[in-house]
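J.: Here you go, this is structure-v5.tsv (TSV, C-alpha atoms and all ligand atoms).
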chain	number	residue	atom	x	y	z
A	1	MET	CA	-34.75	13.20	-19.72
A	2	VAL	CA	-32.14	15.26	-21.58
A	3	SER	CA	-31.44	17.29	-18.45
A	4	THR	CA	-31.07	14.05	-16.41
A	5	THR	CA	-28.54	12.69	-18.92
A	6	LEU	CA	-26.72	16.02	-18.96
A	7	ALA	CA	-26.59	16.12	-15.18
A	8	ALA	CA	-25.30	12.53	-15.03
A	9	THR	CA	-22.63	13.30	-17.65
A	10	SER	CA	-21.56	16.46	-15.82
A	11	PHE	CA	-21.37	14.57	-12.54
A	12	SER	CA	-19.31	11.83	-14.12
A	13	LEU	CA	-16.93	14.40	-15.70
A	14	LEU	CA	-16.62	16.19	-12.38
A	15	ARG	CA	-15.92	12.94	-10.54
A	16	ASN	CA	-13.22	11.97	-13.06
A	17	TYR	CA	-11.74	15.46	-12.80
A	18	ASN	CA	-11.61	15.23	-9.01
A	19	ALA	CA	-10.03	11.77	-9.20
A	20	ASN	CA	-7.41	13.06	-11.63
A	21	VAL	CA	-6.65	16.07	-9.44
A	22	ARG	CA	-6.29	13.78	-6.41
A	23	ALA	CA	-4.02	11.40	-8.32
A	24	PHE	CA	-1.87	14.31	-9.52
A	25	ALA	CA	-1.64	15.77	-6.03
A	26	ALA	CA	-0.67	12.38	-4.63
A	27	ASN	CA	2.05	12.02	-7.28
A	28	VAL	CA	3.49	15.40	-6.36
A	29	ARG	CA	3.09	14.92	-2.61
A	30	ALA	CA	4.45	11.37	-2.38
A	31	PRO	CA	7.97	12.25	-3.53
A	32	LEU	CA	7.98	15.26	-1.20
A	33	GLN	CA	7.24	13.07	1.79
A	34	HIS	CA	10.35	10.97	1.21
A	35	SER	CA	13.27	13.25	0.63
A	36	THR	CA	15.31	10.38	-0.85
A	37	ASN	CA	12.68	9.76	-3.51
A	38	TYR	CA	11.63	13.09	-4.96
A	39	ASN	CA	13.50	12.81	-8.25
A	40	SER	CA	10.38	12.85	-10.37
A	41	ILE	CA	9.97	16.61	-9.86
A	42	ASN	CA	13.40	17.38	-8.49
A	43	PHE	CA	15.08	17.25	-11.91
A	44	LEU	CA	12.98	20.27	-12.93
A	45	LEU	CA	14.61	22.45	-10.28
A	46	PRO	CA	17.99	24.19	-10.09
A	47	LEU	CA	20.45	22.58	-7.67
A	48	HIS	CA	20.04	25.09	-4.83
A	49	SER	CA	16.24	24.67	-4.99
A	50	ARG	CA	16.61	20.88	-4.89
A	51	ARG	CA	18.59	21.13	-1.66
A	52	SER	CA	16.11	23.49	-0.05
A	53	LEU	CA	13.20	21.34	-1.28
A	54	SER	CA	14.74	18.36	0.52
A	55	ARG	CA	15.13	20.36	3.73
A	56	VAL	CA	11.66	21.86	3.50
A	57	SER	CA	10.18	18.41	2.92
A	58	VAL	CA	11.79	16.90	6.01
A	59	THR	CA	10.92	19.97	8.09
A	60	ASN	CA	7.31	19.87	6.91
A	61	ASP	CA	7.05	16.19	7.79
A	62	GLU	CA	8.31	16.87	11.31
A	63	GLU	CA	5.98	19.82	11.72
A	64	ALA	CA	3.00	17.86	10.40
A	65	ALA	CA	3.78	14.93	12.71
A	66	ALA	CA	4.17	17.30	15.65
A	67	LYS	CA	0.85	19.00	14.87
A	68	ALA	CA	-0.88	15.63	14.63
A	69	ALA	CA	0.69	14.51	17.92
A	70	ALA	CA	-0.40	17.75	19.59
A	71	LEU	CA	-4.05	16.78	19.08
A	72	ASN	CA	-3.56	14.37	22.02
A	73	ALA	CA	-1.34	16.70	23.99
A	74	GLY	CA	-3.92	17.39	26.68
A	75	SER	CA	-4.71	13.73	27.14
A	76	GLU	CA	-3.24	11.51	29.83
A	77	ALA	CA	-3.32	8.57	27.40
A	78	PRO	CA	-0.24	6.33	27.45
A	79	THR	CA	2.40	6.98	24.81
A	80	ILE	CA	4.97	4.79	23.10
A	81	PHE	CA	7.33	5.62	25.99
A	82	ASP	CA	5.04	3.78	28.45
A	83	LYS	CA	5.55	0.64	26.37
A	84	ILE	CA	9.30	1.23	26.43
A	85	ILE	CA	9.25	1.67	30.24
A	86	ALA	CA	7.18	-1.51	30.57
A	87	LYS	CA	9.70	-3.24	28.23
A	88	GLU	CA	6.78	-4.22	26.02
A	89	ILE	CA	8.75	-2.86	23.08
A	90	PRO	CA	12.53	-3.10	22.93
A	91	SER	CA	14.89	-0.18	23.31
A	92	SER	CA	18.61	0.21	23.64
A	93	ILE	CA	18.95	1.21	27.29
A	94	VAL	CA	21.94	3.36	28.22
A	95	TYR	CA	21.10	4.11	31.85
A	96	GLU	CA	18.32	3.32	34.27
A	97	ASP	CA	17.54	3.98	37.93
A	98	GLU	CA	14.38	3.93	40.00
A	99	LYS	CA	13.16	7.26	38.59
A	100	VAL	CA	14.37	7.57	35.00
A	101	LEU	CA	15.10	5.53	31.90
A	102	ALA	CA	17.63	6.55	29.22
A	103	PHE	CA	17.59	4.83	25.83
A	104	ARG	CA	18.86	5.51	22.33
A	105	ASP	CA	16.60	7.50	20.00
A	106	ILE	CA	15.22	5.39	17.17
A	107	ASN	CA	15.94	8.23	14.73
A	108	PRO	CA	19.29	9.65	15.89
A	109	GLN	CA	20.20	13.21	14.94
A	110	ALA	CA	23.82	12.85	16.09
A	111	PRO	CA	26.24	9.95	16.73
A	112	VAL	CA	25.02	10.03	20.34
A	113	HIS	CA	21.30	10.68	20.70
A	114	VAL	CA	19.78	9.41	23.93
A	115	LEU	CA	16.34	10.12	25.36
A	116	ILE	CA	15.84	10.37	29.11
A	117	ILE	CA	12.33	10.05	30.49
A	118	PRO	CA	10.76	9.96	33.93
A	119	LYS	CA	9.38	6.48	34.63
A	120	PHE	CA	6.38	8.09	36.31
A	121	ARG	CA	5.05	10.87	34.05
A	122	ASP	CA	3.04	12.55	36.84
A	123	GLY	CA	1.28	14.98	34.48
A	124	LEU	CA	4.46	15.97	32.68
A	125	THR	CA	3.23	15.52	29.13
A	126	THR	CA	5.23	18.66	28.37
A	127	LEU	CA	7.70	20.82	30.26
A	128	ALA	CA	5.03	23.52	30.22
A	129	LYS	CA	3.05	21.39	32.70
A	130	ALA	CA	5.85	21.59	35.29
A	131	GLU	CA	4.88	22.66	38.79
A	132	ALA	CA	6.88	23.15	41.99
A	133	ARG	CA	6.31	19.50	43.00
A	134	HIS	CA	8.20	18.38	39.87
A	135	GLY	CA	11.44	20.01	41.00
A	136	ASP	CA	12.96	16.74	42.22
A	137	ILE	CA	12.32	14.76	39.04
A	138	LEU	CA	13.41	17.66	36.79
A	139	GLY	CA	16.69	17.93	38.70
A	140	HIS	CA	17.06	14.15	38.59
A	141	LEU	CA	16.59	14.16	34.79
A	142	LEU	CA	19.33	16.78	34.39
A	143	CYS	CA	21.69	14.81	36.63
A	144	ALA	CA	20.91	11.72	34.56
A	145	SER	CA	21.86	13.64	31.39
A	146	LYS	CA	25.33	14.22	32.88
A	147	ILE	CA	25.63	10.51	33.71
A	148	VAL	CA	24.60	9.59	30.16
A	149	ALA	CA	27.07	12.08	28.65
A	150	GLU	CA	29.82	10.62	30.83
A	151	LYS	CA	28.94	7.04	29.88
A	152	GLU	CA	28.88	7.98	26.19
A	153	GLY	CA	32.22	9.81	26.40
A	154	ILE	CA	30.86	13.19	25.30
A	155	LEU	CA	31.29	15.23	28.49
A	156	ASP	CA	33.39	17.80	26.62
A	157	GLY	CA	30.56	18.65	24.20
A	158	PHE	CA	26.94	17.67	24.45
A	159	ARG	CA	23.54	19.30	24.24
A	160	VAL	CA	20.38	18.68	26.26
A	161	VAL	CA	17.14	19.56	24.47
A	162	ILE	CA	13.51	19.53	25.52
A	163	ASN	CA	11.04	20.17	22.71
A	164	ASN	CA	7.90	21.71	24.15
A	165	GLY	CA	4.69	21.64	22.11
A	166	PRO	CA	4.00	21.67	18.36
A	167	GLY	CA	5.90	24.95	17.88
A	168	ALA	CA	9.05	23.07	18.91
A	169	CYS	CA	8.13	19.84	17.03
A	170	GLN	CA	7.40	17.77	20.16
A	171	SER	CA	6.03	14.46	18.93
A	172	VAL	CA	5.73	12.33	22.09
A	173	TYR	CA	3.72	13.70	25.01
A	174	HIS	CA	5.75	12.22	27.85
A	175	LEU	CA	8.43	14.66	29.00
A	176	HIS	CA	11.84	13.68	27.67
A	177	LEU	CA	15.32	15.12	27.40
A	178	HIS	CA	17.33	14.62	24.24
A	179	VAL	CA	21.05	14.21	24.94
A	180	LEU	CA	22.97	14.88	21.74
A	181	GLY	CA	26.67	14.73	20.98
A	182	GLY	CA	29.51	12.89	19.30
A	183	ARG	CA	29.92	15.53	16.59
A	184	GLN	CA	30.39	19.31	16.45
A	185	LEU	CA	26.97	20.75	17.24
A	186	LYS	CA	25.96	23.97	15.48
A	187	TRP	CA	24.42	27.06	17.00
A	188	PRO	CA	21.77	28.39	16.69
A	189	PRO	CA	19.72	25.19	16.33
A	190	GLY	CA	16.98	25.04	13.69
A	201	LIG	P1	10.21	14.86	20.34
A	201	LIG	O1	10.05	15.07	18.87
A	201	LIG	O2	8.86	14.61	21.00
A	201	LIG	O3	11.01	15.91	21.02
A	201	LIG	O4	11.06	13.54	20.49
A	201	LIG	C1	10.52	12.27	20.44
A	201	LIG	C2	11.63	11.36	20.05
A	201	LIG	O5	11.23	10.03	20.27
A	201	LIG	C3	12.00	11.45	18.57
A	201	LIG	O6	13.36	11.88	18.44
A	201	LIG	C4	11.78	10.04	18.05
A	201	LIG	O7	12.76	9.64	17.13
A	201	LIG	C5	11.82	9.21	19.30
A	201	LIG	N1	11.02	7.99	19.24
A	201	LIG	C6	9.73	7.90	18.83
A	201	LIG	N2	9.31	6.63	18.92
A	201	LIG	C7	10.36	5.91	19.40
A	201	LIG	C8	10.52	4.53	19.72
A	201	LIG	O8	9.62	3.70	19.58
A	201	LIG	N3	11.74	4.15	20.19
A	201	LIG	C9	12.76	5.03	20.38
A	201	LIG	N4	13.92	4.55	20.85
A	201	LIG	N5	12.64	6.35	20.08
A	201	LIG	C10	11.44	6.78	19.61
Any chance you could give the structure as structure tokens?

T.:
Amino acid sequence: MVSTTLAATSFSLLRNYNANVRAFAANVRAPLQHSTNYNSINFLLPLHSRRSLSRVSVTNDEEAAAKAAALNAGSEAPTIFDKIIAKEIPSSIVYEDEKVLAFRDINPQAPVHVLIIPKFRDGLTTLAKAEARHGDILGHLLCASKIVAEKEGILDGFRVVINNGPGACQSVYHLHLHVLGGRQLKWPPG
């Protein structure tokens, strides 16, 4: 009887302890996930650490999202870009032809940030899946990036990026080119 009560008390203490640890962890983690809202622990840190904490937080979010997205990397399942191609969800289209669609990134990293995607993915979830038969569409995508840069008035300075796989923070598994410009771009990239 005594041992049953003791066991129940210990279990209850352990459960409360676990709940408290989870609540504490959530309180610490939540501000880190939103770099604009991490003041509750940020004030404890010197200024240079606050800046790096903000950068680390954003970087970790991108890496975590990319790792999560990579779980479906091998799948041929439709992505958000299929809905954009089908015009089921709106996008700000910059250029379109029979093979590619170019639209503004929802989370721009530069004044001009346009994504260019093949309308028919044809196995190109990543650039690493490219085969000889993809030569035409890959060339077409590059030519489209020049057209987009011209339309956006950034021909004198723009960058074309393809993130490949979780190690490069790819988050959507439908090949896409990022066309970035409209400000001085730094080198090397992060
Ligand atoms: P990745 O990280 O895979 O190289 O790039 C994917 C890009 O797609 C990201 O820059 C992200 O902001 C963008 N993106 C994700 N979902 C949407 C969306 O629904 N609409 C638009 N316009 N861009 C999106």

J.: Could you work out how far CA of Gln109 in chain A lies from CA of Gly182 in chain A, giving the answer in Å with one decimal?

T.: 10.3 Å

J.: Quick check, in Å to one decimal: how far apart do CA of Ile80 in chain A and CA of Lys151 in chain A lie?

T.: 25.0 Å

J.: Which chains and residue numbers are within 6 Å of ligand LIG 201 (chain A), counting all atoms listed in the file, if I want them as a PyMOL selection string?

T.: chain A and resi 80+91+104-107+163+169-172

J.: What's around Leu175 in chain A at 6 Å? Count all atoms listed in the file, leave out sequence neighbours fewer than 5 positions away in its own chain, and write the answer as an mmCIF file with C-alpha atoms, in the coordinates of the input.

T.:
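The file below, part.cif, is the result:
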data_model
loop_
_atom_site.group_PDB
_atom_site.id
_atom_site.type_symbol
_atom_site.label_atom_id
_atom_site.label_comp_id
_atom_site.auth_asym_id
_atom_site.auth_seq_id
_atom_site.Cartn_x
_atom_site.Cartn_y
_atom_site.Cartn_z
ATOM 1 C CA LEU A 124 4.460 15.970 32.680
ATOM 2 C CA THR A 125 3.230 15.520 29.130
ATOM 3 C CA THR A 126 5.230 18.660 28.370
#

J.: For the atom pair CA of Ala168 in chain A and CA of Gly135 in chain A, what is the interatomic distance in Å to one decimal place?

T.: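 Computing the Euclidean distance for CA of Ala168 in chain A and CA of Gly135 in chain A yields 22.4 Å.
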
J.: I need the residue nearest Arg159 in chain A from this list: A:Val179, A:Ala73, A:Leu127, A:Ile147. Use all atoms listed in the file for the distance.

T.: A:Val179

J.: Measuring atom to atom with only C-alpha atoms, identify which of A:Val161, A:Ala77, A:Ala86, A:Ala66 is nearest to Val114 in chain A.

T.: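 Of all the options, A:Val161 lies closest to Val114 in chain A.
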